[in-house]
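Structure file final.pdb (PDB, C-alpha atoms, pLDDT in the B column) is printed below.
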MODEL        1
ATOM      1  CA  MET A  27     -76.562 -87.009  91.300  1.00 94.00           C
ATOM      2  CA  LYS A  28     -75.772 -86.916  87.625  1.00 95.00           C
ATOM      3  CA  VAL A  29     -77.247 -86.085  84.227  1.00 96.00           C
ATOM      4  CA  GLY A  30     -80.094 -88.482  83.428  1.00 97.00           C
ATOM      5  CA  ASP A  31     -81.255 -89.074  87.022  1.00 98.00           C
ATOM      6  CA  LEU A  32     -84.956 -88.613  87.860  1.00 97.00           C
ATOM      7  CA  VAL A  33     -85.353 -86.241  90.791  1.00 97.00           C
ATOM      8  CA  LYS A  34     -87.942 -84.561  92.990  1.00 96.00           C
ATOM      9  CA  PHE A  35     -87.777 -81.838  95.599  1.00 93.00           C
ATOM     10  CA  LYS A  36     -87.089 -82.822  99.196  1.00 94.00           C
ATOM     11  CA  ALA A  37     -89.958 -82.482 101.691  1.00 90.00           C
ATOM     12  CA  ILE A  38     -88.591 -79.113 102.884  1.00 89.00           C
ATOM     13  CA  VAL A  39     -89.719 -77.570  99.574  1.00 86.00           C
ATOM     14  CA  ARG A  40     -93.468 -77.189 100.037  1.00 84.00           C
ATOM     15  CA  GLY A  41     -95.911 -77.038  97.158  1.00 82.00           C
ATOM     16  CA  HIS A  42     -93.930 -79.206  94.737  1.00 83.00           C
ATOM     17  CA  GLU A  43     -94.421 -82.648  96.306  1.00 82.00           C
ATOM     18  CA  LYS A  44     -95.650 -84.308  93.091  1.00 87.00           C
ATOM     19  CA  LEU A  45     -93.239 -82.619  90.704  1.00 91.00           C
ATOM     20  CA  VAL A  46     -90.758 -84.931  88.949  1.00 96.00           C
ATOM     21  CA  GLY A  47     -87.857 -83.911  86.737  1.00 96.00           C
ATOM     22  CA  ILE A  48     -84.799 -85.185  84.931  1.00 97.00           C
ATOM     23  CA  ILE A  49     -81.319 -83.701  85.284  1.00 97.00           C
ATOM     24  CA  ILE A  50     -80.305 -82.405  81.854  1.00 96.00           C
ATOM     25  CA  GLY A  51     -77.178 -80.472  82.811  1.00 96.00           C
ATOM     26  CA  GLU A  52     -74.807 -79.504  85.574  1.00 95.00           C
ATOM     27  CA  ASN A  53     -73.357 -76.064  86.283  1.00 90.00           C
ATOM     28  CA  ASP A  54     -71.693 -74.064  89.069  1.00 89.00           C
ATOM     29  CA  ALA A  55     -75.063 -73.168  90.646  1.00 85.00           C
ATOM     30  CA  GLY A  56     -76.403 -76.745  90.715  1.00 92.00           C
ATOM     31  CA  PHE A  57     -78.328 -78.848  88.221  1.00 96.00           C
ATOM     32  CA  ASP A  58     -80.473 -77.910  85.244  1.00 94.00           C
ATOM     33  CA  ILE A  59     -83.736 -79.797  85.640  1.00 94.00           C
ATOM     34  CA  LEU A  60     -86.416 -80.430  83.006  1.00 94.00           C
ATOM     35  CA  TRP A  61     -89.561 -80.579  85.161  1.00 93.00           C
ATOM     36  CA  SER A  62     -92.772 -82.468  84.327  1.00 92.00           C
ATOM     37  CA  ALA A  63     -94.759 -79.213  84.562  1.00 89.00           C
ATOM     38  CA  ILE A  64     -94.137 -75.479  84.331  1.00 84.00           C
ATOM     39  CA  ILE A  65     -92.892 -74.050  87.614  1.00 79.00           C
ATOM     40  CA  HIS A  66     -92.649 -70.485  88.818  1.00 75.00           C
ATOM     41  CA  ALA A  67     -89.158 -69.072  89.174  1.00 69.00           C
ATOM     42  CA  PRO A  68     -88.196 -68.082  92.731  1.00 66.00           C
ATOM     43  CA  GLY A  69     -88.766 -64.368  93.144  1.00 64.00           C
ATOM     44  CA  GLY A  70     -89.999 -64.171  89.546  1.00 60.00           C
ATOM     45  CA  ILE A  71     -86.417 -64.055  88.251  1.00 65.00           C
ATOM     46  CA  GLY A  72     -86.159 -65.660  84.827  1.00 65.00           C
ATOM     47  CA  GLY A  73     -89.882 -66.272  84.423  1.00 68.00           C
ATOM     48  CA  ASP A  74     -91.919 -69.451  84.439  1.00 72.00           C
ATOM     49  CA  SER A  75     -90.389 -72.443  82.698  1.00 80.00           C
ATOM     50  CA  ARG A  76     -90.138 -76.227  82.637  1.00 86.00           C
ATOM     51  CA  ILE A  77     -86.333 -75.922  82.857  1.00 88.00           C
ATOM     52  CA  GLN A  78     -84.870 -74.477  86.049  1.00 87.00           C
ATOM     53  CA  THR A  79     -81.497 -74.554  87.788  1.00 88.00           C
ATOM     54  CA  GLU A  80     -81.864 -76.084  91.250  1.00 91.00           C
ATOM     55  CA  HIS A  81     -79.415 -76.444  94.123  1.00 93.00           C
ATOM     56  CA  ARG A  82     -78.358 -79.963  95.081  1.00 93.00           C
ATOM     57  CA  GLU A  83     -79.494 -79.585  98.718  1.00 94.00           C
ATOM     58  CA  PHE A  84     -83.163 -79.237  97.646  1.00 93.00           C
ATOM     59  CA  LEU A  85     -83.249 -82.352  95.436  1.00 96.00           C
ATOM     60  CA  GLU A  86     -83.429 -86.101  95.981  1.00 96.00           C
ATOM     61  CA  VAL A  87     -82.959 -88.865  93.432  1.00 97.00           C
ATOM     62  CA  ILE A  88     -85.986 -90.994  92.582  1.00 96.00           C
ATOM     63  CA  SER A  89     -84.230 -93.188  90.024  1.00 96.00           C
ATOM     64  CA  GLU A  90     -80.606 -93.187  88.898  1.00 96.00           C
ATOM     65  CA  SER A  91     -79.647 -93.314  85.244  1.00 91.00           C
ATOM     66  CA  ARG A  92     -77.411 -96.121  84.103  1.00 82.00           C
TER      67      ARG A  92
ENDMDL
END
Any chance you could give the structure as structure tokens?
Amino acid sequence: MKVGDLVKFKAIVRGHEKLVGIIIGENDAGFDILWSAIIHAPGGIGGDSRIQTEHREFLEVISESR
């Protein structure tokens, strides 16, 4: 996975099956994703946003950037 890839959550993450995002950054915690819709932050930490940091193990690539 790299910046520019289109991603979605793996099937183990329920409730976000149709959500699509693009990786816009990488950091120590995982990837910064710009999602196609506002999502709720886990545990309410950080508030609702279209940009969230997600761990690699919960994501799968839909389409790789060039």
- Task: Extract, using only C-alpha atoms, all DNA, RNA and protein residues at most 8 Å from Met27 of chain A, discarding same-chain residues fewer than 2 positions from it, and format them as an MDAnalysis selection string.
- Result: chainID A and resid 29 31 87 90
- Message: Taking the file as I've supplied it (selection: the PyMOL selection byres ((chain A and resi 35-39) around 7)), which residues are included? Please answer as a ChimeraX atom specification.
- Response: /A:33-34,40-43,84-86
Set the distance at 12 Å and use all atoms listed in the file: which residues neighbour Ser75 of chain A once local chain neighbours fewer than 6 positions away are removed? I'd like the list as a PDB file with C-alpha atoms, in the frame of the given file.
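Generated file (result.pdb):
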ATOM      1  CA  ASP A  58     -80.473 -77.910  85.244  1.00 94.00           C
ATOM      2  CA  ILE A  59     -83.736 -79.797  85.640  1.00 94.00           C
ATOM      3  CA  LEU A  60     -86.416 -80.430  83.006  1.00 94.00           C
ATOM      4  CA  TRP A  61     -89.561 -80.579  85.161  1.00 93.00           C
ATOM      5  CA  SER A  62     -92.772 -82.468  84.327  1.00 92.00           C
ATOM      6  CA  ALA A  63     -94.759 -79.213  84.562  1.00 89.00           C
ATOM      7  CA  ILE A  64     -94.137 -75.479  84.331  1.00 84.00           C
ATOM      8  CA  ILE A  65     -92.892 -74.050  87.614  1.00 79.00           C
ATOM      9  CA  HIS A  66     -92.649 -70.485  88.818  1.00 75.00           C
ATOM     10  CA  ALA A  67     -89.158 -69.072  89.174  1.00 69.00           C
ATOM     11  CA  PRO A  68     -88.196 -68.082  92.731  1.00 66.00           C
TER      12      PRO A  68
END
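Our summary of the geometry notes that atom CA of Asp74 of chain A is positioned 22.4 Å from atom CA of Gly30 of chain A.
Atom pair atom CA of Glu52 of chain A / atom CA of Thr79 of chain A: separated by 8.6 Å.
Proximity ranking of A:Ile49, A:Asp54, A:Lys28, A:Arg92 relative to Ile77 of chain A places A:Ile49 first, based on only C-alpha atoms.
In this structure, atom CA of Gly56 of chain A sits 17.7 Å away from atom CA of Ser91 of chain A.
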